[in-house]
>>> print(open('query_25.txt').read())   # compact mmCIF, C-alpha atoms
# COMPACT_ATOMS: atom_id res chain seq x y z
CA MET A 294 -4.90 -0.38 -2.04
CA LYS A 295 -5.06 3.17 -0.78
CA LEU A 296 -4.67 2.08 2.86
CA LYS A 297 -1.41 0.37 1.94
CA TYR A 298 0.02 3.61 0.55
CA ILE A 299 -1.14 5.67 3.54
CA LEU A 300 0.41 3.18 5.99
CA GLY A 301 3.62 3.13 3.95
CA LEU A 302 3.78 6.92 3.99
CA ILE A 303 3.25 7.05 7.77
CA ILE A 304 5.98 4.45 8.36
CA ALA A 305 8.36 6.31 6.03
CA VAL A 306 7.77 9.61 7.84
CA VAL A 307 8.24 8.03 11.29
CA LEU A 308 11.47 6.33 10.18
CA ALA A 309 12.74 9.55 8.64
CA VAL A 310 12.11 11.43 11.90
CA VAL A 311 13.81 8.70 13.96
CA TYR A 312 16.83 8.58 11.65
CA TYR A 313 17.01 12.38 11.60
CA LYS A 314 16.90 12.80 15.38
CA PHE A 315 19.09 9.89 16.47
CA ASN A 316 22.50 9.32 14.95
CA PRO A 317 23.15 5.53 14.80
CA GLU A 318 26.80 6.32 15.49
CA VAL A 319 25.85 7.64 18.95
CA TYR A 320 22.70 5.76 19.96
CA HIS A 321 22.91 1.99 20.10
CA PHE A 322 19.29 0.95 19.89
CA PHE A 323 19.48 0.57 16.11
CA PRO A 324 19.63 -3.04 14.87
CA GLU A 325 23.07 -4.20 13.83
CA CYS A 326 23.57 -6.21 10.66
CA PRO A 327 23.88 -9.94 11.60
CA PHE A 328 26.47 -10.40 8.85
CA HIS A 329 28.68 -7.75 10.44
CA LYS A 330 28.00 -8.89 13.98
CA PHE A 331 29.08 -12.49 13.46
CA LEU A 332 31.60 -12.31 10.63
CA HIS A 333 33.04 -8.84 11.35
CA LEU A 334 32.92 -8.09 7.62
CA ASP A 335 30.94 -5.41 5.82
CA CYS A 336 28.07 -6.46 3.57
CA PRO A 337 26.83 -4.22 0.72
CA GLY A 338 24.27 -2.68 3.06
CA CYS A 339 26.48 -1.99 6.05
CA GLY A 340 26.55 1.69 6.99
CA SER A 341 23.14 2.36 5.40
CA GLN A 342 21.56 3.56 8.64
CA ARG A 343 24.38 6.02 9.34
CA ALA A 344 24.37 7.07 5.69
CA ILE A 345 20.61 7.78 5.89
CA ASN A 346 21.20 9.89 9.00
CA ALA A 347 23.91 11.83 7.16
CA LEU A 348 21.74 12.25 4.06
CA LEU A 349 18.82 13.55 6.13
CA HIS A 350 21.23 16.13 7.51
CA LEU A 351 22.20 16.88 3.87
CA ASN A 352 25.77 15.77 4.50
CA VAL A 353 26.42 13.87 1.26
CA ALA A 354 30.17 13.52 1.76
CA LYS A 355 29.67 11.76 5.10
CA ALA A 356 26.97 9.53 3.59
CA ILE A 357 29.35 8.52 0.79
CA ASP A 358 31.93 7.70 3.43
CA TYR A 359 29.48 5.31 5.15
CA ASN A 360 27.99 3.63 2.09
CA LEU A 361 28.84 4.71 -1.45
CA LEU A 362 26.44 2.21 -3.02
CA LEU A 363 23.44 3.64 -1.15
CA VAL A 364 24.22 7.19 -2.25
CA MET A 365 24.71 6.05 -5.85
CA SER A 366 21.37 4.25 -5.87
CA ILE A 367 19.38 7.17 -4.43
CA PRO A 368 18.89 9.01 -7.77
CA LEU A 369 17.72 5.78 -9.45
CA LEU A 370 15.32 4.96 -6.62
CA LEU A 371 13.95 8.52 -6.58
CA MET A 372 13.39 8.33 -10.34
CA GLN A 373 11.50 5.05 -9.95
CA LEU A 374 9.46 6.47 -7.09
CA SER A 375 8.47 9.58 -9.02
CA VAL A 376 7.46 7.51 -12.06
CA LYS A 377 5.32 5.29 -9.80
CA VAL A 378 3.68 8.27 -8.12
CA TYR A 379 3.05 9.96 -11.47
CA ALA A 380 1.59 6.75 -12.93
CA TYR A 381 -0.65 6.34 -9.89
CA PHE A 382 -2.10 9.84 -9.97
CA THR A 383 -2.51 10.07 -13.74
CA GLN A 384 -3.82 6.47 -14.00
CA GLN A 385 -1.32 5.72 -16.74
CA ALA A 386 0.63 2.50 -17.21
CA ILE A 387 4.07 4.04 -17.60
CA VAL A 388 7.18 2.16 -16.54
CA LEU A 389 10.88 2.83 -16.83
CA ASN A 390 11.99 0.61 -19.73
CA PHE A 391 15.47 0.70 -18.32
CA TRP A 392 14.62 -1.85 -15.57
CA HIS A 393 13.54 -4.41 -18.17
CA LYS A 394 16.70 -4.39 -20.26
CA PRO A 395 18.62 -7.68 -19.88
CA ILE A 396 21.88 -5.85 -19.18
CA THR A 397 20.61 -3.74 -16.23
CA PRO A 398 20.45 -6.42 -13.51
CA LYS A 399 23.81 -7.77 -14.65
CA ILE A 400 25.49 -4.38 -14.23
CA ILE A 401 23.85 -3.93 -10.84
CA PHE A 402 24.92 -7.40 -9.76
CA ALA A 403 28.51 -6.74 -10.84
CA LEU A 404 28.56 -3.40 -9.01
CA VAL A 405 27.19 -4.91 -5.80
CA MET A 406 29.67 -7.81 -5.81
CA LEU A 407 32.63 -5.52 -6.59
CA PHE A 408 31.57 -3.16 -3.82
CA TRP A 409 31.13 -6.05 -1.36
CA VAL A 410 34.64 -7.40 -2.02
CA ALA A 411 36.37 -4.03 -2.32
CA ARG A 412 35.05 -2.60 0.95
CA ASN A 413 36.48 -5.56 2.87
CA ILE A 414 40.02 -5.20 1.52
CA PRO A 415 41.79 -3.73 4.54
CA PHE A 416 44.27 -1.35 2.93
CA LYS A 417 44.41 1.99 1.37
CA PRO A 418 42.40 2.84 -1.65
CA PHE A 419 39.78 0.26 -0.67
CA ASN A 420 39.29 0.95 3.01
CA TYR A 421 37.67 4.29 2.15
CA LEU A 422 34.69 2.19 1.04
CA ALA A 423 34.31 0.44 4.40
CA ALA A 424 31.31 1.38 6.52
CA MET B 1035 23.21 -20.47 -23.59
CA GLU B 1036 19.51 -21.15 -23.50
CA ASP B 1037 17.93 -23.12 -26.32
CA GLN B 1038 14.76 -21.90 -27.94
CA LYS B 1039 12.03 -24.32 -27.04
CA PRO B 1040 9.34 -24.17 -29.69
CA GLN B 1041 6.73 -26.15 -27.76
CA ASP B 1042 4.26 -24.56 -25.34
CA GLN B 1043 4.80 -20.97 -26.39
CA ALA B 1044 2.25 -18.29 -26.97
CA PRO B 1045 1.09 -18.22 -30.63
CA PHE B 1046 2.94 -15.01 -31.44
CA GLY B 1047 5.76 -15.73 -29.05
CA GLN B 1048 8.32 -17.19 -31.40
CA GLN B 1049 10.91 -14.54 -32.01
CA PRO B 1050 13.60 -14.94 -34.62
CA PHE B 1051 16.69 -15.96 -32.71
CA GLY B 1052 18.68 -13.11 -31.27
CA GLN B 1053 16.00 -10.52 -31.74
CA SER B 1054 14.39 -8.78 -28.83
CA PRO B 1055 10.61 -8.79 -28.63
CA PHE B 1056 10.13 -5.03 -28.30
CA GLY B 1057 7.06 -3.81 -30.07
CA GLY B 1058 4.08 -6.12 -30.08
CA ALA B 1059 5.23 -8.53 -27.42
CA PRO B 1060 2.40 -11.02 -26.85
CA THR B 1061 2.71 -11.29 -23.07
CA PRO B 1062 3.75 -8.51 -20.74
CA GLN B 1063 7.03 -9.08 -18.94
CA PRO B 1064 6.53 -10.62 -15.49
CA LYS B 1065 7.50 -8.51 -12.50
CA ASN B 1066 11.27 -8.74 -12.16
CA TRP B 1067 11.57 -7.53 -8.52
CA LEU B 1068 14.75 -5.65 -9.38
CA VAL B 1069 13.98 -2.46 -7.43
CA GLU B 1070 12.78 -4.48 -4.43
CA SER B 1071 15.94 -6.61 -4.53
CA ILE B 1072 18.11 -3.49 -4.54
CA LEU B 1073 16.23 -2.14 -1.54
CA VAL B 1074 16.63 -5.42 0.34
CA THR B 1075 20.35 -5.53 -0.50
CA LEU B 1076 20.86 -2.01 0.79
CA PHE B 1077 18.60 -1.92 3.83
CA CYS B 1078 17.90 -5.41 5.11
CA CYS B 1079 21.57 -6.09 5.13
CA LEU B 1080 21.20 -9.75 4.25
CA PRO B 1081 22.68 -11.22 1.10
CA PHE B 1082 19.26 -12.53 0.06
CA GLY B 1083 18.84 -9.35 -1.97
CA ILE B 1084 21.67 -10.54 -4.20
CA ALA B 1085 19.78 -13.75 -4.96
CA GLY B 1086 16.88 -11.48 -5.93
CA ILE B 1087 19.10 -9.47 -8.31
CA VAL B 1088 20.41 -12.65 -9.97
CA ASN B 1089 16.86 -13.87 -10.54
CA ALA B 1090 15.84 -10.44 -11.85
CA ALA B 1091 18.64 -10.81 -14.42
CA ASN B 1092 17.16 -14.18 -15.39
CA VAL B 1093 13.68 -12.67 -15.79
CA ASN B 1094 14.93 -9.98 -18.16
CA SER B 1095 17.20 -12.14 -20.28
CA LYS B 1096 14.76 -15.06 -20.58
CA TYR B 1097 11.96 -12.71 -21.52
CA ALA B 1098 14.16 -11.03 -24.13
CA MET B 1099 14.90 -14.45 -25.61
CA GLY B 1100 11.23 -15.33 -25.83
CA ASP B 1101 11.27 -17.92 -23.03
CA TYR B 1102 8.12 -16.73 -21.28
CA ALA B 1103 7.69 -19.76 -19.03
CA GLY B 1104 11.30 -19.42 -17.88
CA ALA B 1105 10.82 -15.72 -17.21
CA GLN B 1106 7.72 -16.49 -15.17
CA ALA B 1107 9.62 -19.06 -13.08
CA ALA B 1108 12.53 -16.66 -12.55
CA SER B 1109 10.05 -13.98 -11.50
CA ALA B 1110 8.59 -16.30 -8.88
CA ALA B 1111 12.08 -17.14 -7.58
CA ALA B 1112 13.07 -13.46 -7.47
CA GLY B 1113 9.91 -12.65 -5.50
CA LYS B 1114 10.59 -15.49 -3.08
CA TRP B 1115 14.15 -14.40 -2.29
CA THR B 1116 13.22 -10.75 -2.02
CA LYS B 1117 10.42 -11.53 0.43
CA ILE B 1118 12.68 -13.82 2.50
CA GLY B 1119 15.25 -11.03 2.71
CA PHE B 1120 12.63 -8.44 3.57
CA PHE B 1121 11.04 -10.46 6.38
CA CYS B 1122 14.43 -11.52 7.77
CA GLY B 1123 15.38 -7.86 7.92
CA ILE B 1124 12.13 -6.89 9.65
CA GLY B 1125 12.44 -9.88 12.00
CA VAL B 1126 15.99 -8.99 13.03
CA GLY B 1127 14.92 -5.39 13.59
CA ILE B 1128 11.98 -6.35 15.78
CA LEU B 1129 14.04 -8.88 17.77
CA TYR B 1130 16.68 -6.24 18.31
CA ILE B 1131 14.17 -3.69 19.58
CA LEU B 1132 12.51 -6.29 21.84
CA PHE B 1133 15.91 -7.24 23.23
CA PHE B 1134 16.60 -3.60 23.96
CA VAL B 1135 13.24 -3.06 25.64
CA VAL B 1136 13.77 -6.14 27.85
CA LEU B 1137 17.31 -5.06 28.74
CA GLY B 1138 16.16 -1.53 29.48
CA MET B 1139 13.34 -2.70 31.72
CA GLY B 1140 15.67 -5.12 33.50
CA GLY B 1141 18.15 -2.33 34.05
CA ALA B 1142 15.45 -0.01 35.36
CA LEU B 1143 14.24 -2.67 37.83
CA MET B 1144 17.79 -3.43 39.02
CA ASN B 1145 18.58 0.21 39.66
CA ARG B 1146 15.65 0.74 41.95
>>> encode(input="query_25.txt", output="structure tokens")
Amino acid sequence: MKLKYILGLIIAVVLAVVYYKFNPEVYHFFPECPFHKFLHLDCPGCGSQRAINALLHLNVAKAIDYNLLLVMSIPLLLMQLSVKVYAYFTQQAIVLNFWHKPITPKIIFALVMLFWVARNIPFKPFNYLAA
Amino acid sequence: MEDQKPQDQAPFGQQPFGQSPFGGAPTPQPKNWLVESILVTLFCCLPFGIAGIVNAANVNSKYAMGDYAGAQAASAAAGKWTKIGFFCGIGVGILYILFFVVLGMGGALMNR
């Protein structure tokens, strides 16, 4: 169990360093999304790698430009991570009740689908969402 | 939508219809894979994460209605889709890097 966490931490740090040092906009050895490569459309995750690079350089505006959904989900994911870490170190079984409400996945699903459609509409208010 | 099925339920599992089982729920809610599905949707870039989110919705709503077997099944499905998405993402990444290494070595040999 502990080994898993240590390995995860090492991988996270290595990835963070790689995504900090190399901008996916400039270097082309980063994997490209197959959905984008073959269909030439943006999926909900397109632009994540560039957004992570921008976030690591603390450029939130640029990250929002690449992938709004990723930036919106960061606070939620950080909250979940801190609860997990706290529960692990204090040996308590605390969970965020929020994830278990029936409405939560529905809202998330609606947001993801709306974002997916909207970012592929090729004119003005919508194309700001494109990757 | 879903009918209450009174057979094969846990002894304290029968909730009055339309009431959520908070407080003294007999079985803990199965893992709903929601966070993992979101991560797959955002980072593995394959729409499998969305299948995970849909199944996570099923886990939560079936559990809230007292359909524990249904929630368990939805949990298994959510886990399956999330893992498929995760390993597809990893696989594409590794293939891409391998492709790059092969190309780079080929280029280096050609330029000699």
>>> atom_distance(input="query_25.txt", atom1="CA of Ala403 in chain A", atom2="CA of Ala1091 in chain B")
11.3 Å
>>> interface_residues(input="query_25.txt", of="chain A", to="chain B", cutoff="12 Å", atoms="only C-alpha atoms", output="PDB file with C-alpha atoms, in the coordinates of the input")
ATOM      1  CA  TYR A 320      22.700   5.760  19.960  1.00  0.00           C
ATOM      2  CA  HIS A 321      22.910   1.990  20.100  1.00  0.00           C
ATOM      3  CA  PHE A 322      19.290   0.950  19.890  1.00  0.00           C
ATOM      4  CA  PHE A 323      19.480   0.570  16.110  1.00  0.00           C
ATOM      5  CA  PRO A 324      19.630  -3.040  14.870  1.00  0.00           C
ATOM      6  CA  GLU A 325      23.070  -4.200  13.830  1.00  0.00           C
ATOM      7  CA  CYS A 326      23.570  -6.210  10.660  1.00  0.00           C
ATOM      8  CA  PRO A 327      23.880  -9.940  11.600  1.00  0.00           C
ATOM      9  CA  PHE A 328      26.470 -10.400   8.850  1.00  0.00           C
ATOM     10  CA  HIS A 329      28.680  -7.750  10.440  1.00  0.00           C
ATOM     11  CA  LYS A 330      28.000  -8.890  13.980  1.00  0.00           C
ATOM     12  CA  LEU A 334      32.920  -8.090   7.620  1.00  0.00           C
ATOM     13  CA  ASP A 335      30.940  -5.410   5.820  1.00  0.00           C
ATOM     14  CA  CYS A 336      28.070  -6.460   3.570  1.00  0.00           C
ATOM     15  CA  PRO A 337      26.830  -4.220   0.720  1.00  0.00           C
ATOM     16  CA  GLY A 338      24.270  -2.680   3.060  1.00  0.00           C
ATOM     17  CA  CYS A 339      26.480  -1.990   6.050  1.00  0.00           C
ATOM     18  CA  GLY A 340      26.550   1.690   6.990  1.00  0.00           C
ATOM     19  CA  SER A 341      23.140   2.360   5.400  1.00  0.00           C
ATOM     20  CA  GLN A 342      21.560   3.560   8.640  1.00  0.00           C
ATOM     21  CA  ARG A 343      24.380   6.020   9.340  1.00  0.00           C
ATOM     22  CA  ALA A 344      24.370   7.070   5.690  1.00  0.00           C
ATOM     23  CA  ILE A 345      20.610   7.780   5.890  1.00  0.00           C
ATOM     24  CA  ASN A 360      27.990   3.630   2.090  1.00  0.00           C
ATOM     25  CA  LEU A 361      28.840   4.710  -1.450  1.00  0.00           C
ATOM     26  CA  LEU A 362      26.440   2.210  -3.020  1.00  0.00           C
ATOM     27  CA  LEU A 363      23.440   3.640  -1.150  1.00  0.00           C
ATOM     28  CA  VAL A 364      24.220   7.190  -2.250  1.00  0.00           C
ATOM     29  CA  MET A 365      24.710   6.050  -5.850  1.00  0.00           C
ATOM     30  CA  SER A 366      21.370   4.250  -5.870  1.00  0.00           C
ATOM     31  CA  ILE A 367      19.380   7.170  -4.430  1.00  0.00           C
ATOM     32  CA  LEU A 369      17.720   5.780  -9.450  1.00  0.00           C
ATOM     33  CA  LEU A 370      15.320   4.960  -6.620  1.00  0.00           C
ATOM     34  CA  LEU A 371      13.950   8.520  -6.580  1.00  0.00           C
ATOM     35  CA  MET A 372      13.390   8.330 -10.340  1.00  0.00           C
ATOM     36  CA  GLN A 373      11.500   5.050  -9.950  1.00  0.00           C
ATOM     37  CA  LEU A 374       9.460   6.470  -7.090  1.00  0.00           C
ATOM     38  CA  LYS A 377       5.320   5.290  -9.800  1.00  0.00           C
ATOM     39  CA  ALA A 386       0.630   2.500 -17.210  1.00  0.00           C
ATOM     40  CA  VAL A 388       7.180   2.160 -16.540  1.00  0.00           C
ATOM     41  CA  LEU A 389      10.880   2.830 -16.830  1.00  0.00           C
ATOM     42  CA  ASN A 390      11.990   0.610 -19.730  1.00  0.00           C
ATOM     43  CA  PHE A 391      15.470   0.700 -18.320  1.00  0.00           C
ATOM     44  CA  TRP A 392      14.620  -1.850 -15.570  1.00  0.00           C
ATOM     45  CA  HIS A 393      13.540  -4.410 -18.170  1.00  0.00           C
ATOM     46  CA  LYS A 394      16.700  -4.390 -20.260  1.00  0.00           C
ATOM     47  CA  PRO A 395      18.620  -7.680 -19.880  1.00  0.00           C
ATOM     48  CA  ILE A 396      21.880  -5.850 -19.180  1.00  0.00           C
ATOM     49  CA  THR A 397      20.610  -3.740 -16.230  1.00  0.00           C
ATOM     50  CA  PRO A 398      20.450  -6.420 -13.510  1.00  0.00           C
ATOM     51  CA  LYS A 399      23.810  -7.770 -14.650  1.00  0.00           C
ATOM     52  CA  ILE A 400      25.490  -4.380 -14.230  1.00  0.00           C
ATOM     53  CA  ILE A 401      23.850  -3.930 -10.840  1.00  0.00           C
ATOM     54  CA  PHE A 402      24.920  -7.400  -9.760  1.00  0.00           C
ATOM     55  CA  ALA A 403      28.510  -6.740 -10.840  1.00  0.00           C
ATOM     56  CA  LEU A 404      28.560  -3.400  -9.010  1.00  0.00           C
ATOM     57  CA  VAL A 405      27.190  -4.910  -5.800  1.00  0.00           C
ATOM     58  CA  MET A 406      29.670  -7.810  -5.810  1.00  0.00           C
ATOM     59  CA  PHE A 408      31.570  -3.160  -3.820  1.00  0.00           C
ATOM     60  CA  TRP A 409      31.130  -6.050  -1.360  1.00  0.00           C
TER      61      TRP A 409
END
>>> atom_distance(input="query_25.txt", atom1="CA of Ile357 in chain A", atom2="CA of Phe419 in chain A")
13.4 Å
>>> closest_residue(input="query_25.txt", among="B:Gly1138, B:Phe1082, B:Leu1132, B:Ala1103", to="Gly1119 in chain B", atoms="only C-alpha atoms")
B:Phe1082
>>> residues_around(input="query_25.txt", residues="range 306-314 of chain A", least_positions_apart="5", cutoff="7 Å", atoms="only C-alpha atoms", output="compact mmCIF listing (two decimals) with C-alpha atoms, keeping the file's coordinate frame")
# COMPACT_ATOMS: atom_id res chain seq x y z
CA ILE A 345 20.61 7.78 5.89
CA ASN A 346 21.20 9.89 9.00
CA LEU A 349 18.82 13.55 6.13
CA HIS A 350 21.23 16.13 7.51
>>> atom_distance(input="query_25.txt", atom1="CA of Cys1122 in chain B", atom2="CA of Ile414 in chain A")
27.1 Å
>>> decode(input="query_25.txt", residues="range 1051-1135 of chain B", atoms="C-alpha atoms", output="compact mmCIF listing (two decimals), in the first residue's frame")
# COMPACT_ATOMS: atom_id res chain seq x y z
CA PHE B 1051 -40.24 5.27 -1.36
CA GLY B 1052 -38.65 8.57 -2.21
CA GLN B 1053 -36.64 8.83 0.96
CA SER B 1054 -32.89 8.81 0.93
CA PRO B 1055 -31.11 6.33 3.17
CA PHE B 1056 -28.88 8.82 4.99
CA GLY B 1057 -28.36 7.90 8.59
CA GLY B 1058 -28.17 4.23 9.40
CA ALA B 1059 -27.75 2.90 5.89
CA PRO B 1060 -27.26 -0.86 6.16
CA THR B 1061 -24.61 -1.24 3.46
CA PRO B 1062 -21.95 1.31 2.62
CA GLN B 1063 -22.24 2.84 -0.82
CA PRO B 1064 -20.09 1.02 -3.39
CA LYS B 1065 -17.21 2.96 -4.92
CA ASN B 1066 -18.67 5.20 -7.59
CA TRP B 1067 -15.43 5.96 -9.52
CA LEU B 1068 -16.58 9.53 -10.11
CA VAL B 1069 -13.25 11.24 -9.39
CA GLU B 1070 -11.37 8.65 -11.45
CA SER B 1071 -13.80 9.11 -14.34
CA ILE B 1072 -13.28 12.87 -14.26
CA LEU B 1073 -9.52 12.37 -14.35
CA VAL B 1074 -9.79 9.98 -17.29
CA THR B 1075 -12.08 12.40 -19.15
CA LEU B 1076 -9.65 15.26 -18.66
CA PHE B 1077 -6.30 13.56 -19.11
CA CYS B 1078 -6.65 10.36 -21.09
CA CYS B 1079 -8.54 12.23 -23.71
CA LEU B 1080 -10.78 9.32 -24.61
CA PRO B 1081 -14.53 9.48 -24.23
CA PHE B 1082 -14.47 6.37 -22.03
CA GLY B 1083 -14.37 8.69 -19.03
CA ILE B 1084 -17.86 9.85 -19.94
CA ALA B 1085 -19.15 6.27 -19.76
CA GLY B 1086 -17.58 6.19 -16.29
CA ILE B 1087 -19.42 9.37 -15.26
CA VAL B 1088 -22.75 7.99 -16.49
CA ASN B 1089 -22.24 4.82 -14.47
CA ALA B 1090 -21.21 6.87 -11.43
CA ALA B 1091 -24.57 8.65 -11.73
CA ASN B 1092 -26.26 5.24 -11.75
CA VAL B 1093 -24.36 4.17 -8.62
CA ASN B 1094 -25.46 7.23 -6.68
CA SER B 1095 -29.09 7.28 -7.76
CA LYS B 1096 -29.64 3.52 -7.39
CA TYR B 1097 -28.06 3.57 -3.96
CA ALA B 1098 -30.22 6.51 -2.91
CA MET B 1099 -33.30 4.56 -4.02
CA GLY B 1100 -32.29 1.53 -1.99
CA ASP B 1101 -31.37 -0.66 -4.97
CA TYR B 1102 -28.11 -1.98 -3.55
CA ALA B 1103 -27.61 -4.76 -6.10
CA GLY B 1104 -28.12 -2.27 -8.93
CA ALA B 1105 -25.66 0.14 -7.34
CA GLN B 1106 -23.11 -2.66 -7.04
CA ALA B 1107 -23.53 -3.56 -10.73
CA ALA B 1108 -23.24 0.10 -11.78
CA SER B 1109 -20.11 0.40 -9.66
CA ALA B 1110 -18.55 -2.56 -11.46
CA ALA B 1111 -19.44 -1.04 -14.85
CA ALA B 1112 -18.05 2.36 -13.84
CA GLY B 1113 -14.80 0.73 -12.73
CA LYS B 1114 -14.56 -1.20 -15.99
CA TRP B 1115 -14.97 1.86 -18.22
CA THR B 1116 -12.65 3.98 -16.12
CA LYS B 1117 -9.92 1.33 -16.28
CA ILE B 1118 -10.38 0.88 -20.05
CA GLY B 1119 -10.00 4.63 -20.51
CA PHE B 1120 -7.00 4.79 -18.21
CA PHE B 1121 -5.10 1.96 -19.92
CA CYS B 1122 -5.98 3.24 -23.40
CA GLY B 1123 -4.55 6.60 -22.41
CA ILE B 1124 -1.37 5.05 -21.01
CA GLY B 1125 -1.10 2.77 -24.07
CA VAL B 1126 -1.41 5.65 -26.52
CA GLY B 1127 1.17 7.62 -24.56
CA ILE B 1128 3.68 4.76 -24.53
CA LEU B 1129 3.14 4.01 -28.25
CA TYR B 1130 3.66 7.67 -29.02
CA ILE B 1131 6.91 7.83 -27.08
CA LEU B 1132 8.15 4.57 -28.65
CA PHE B 1133 7.31 5.93 -32.10
CA PHE B 1134 9.29 9.05 -31.31
CA VAL B 1135 12.28 7.12 -30.02
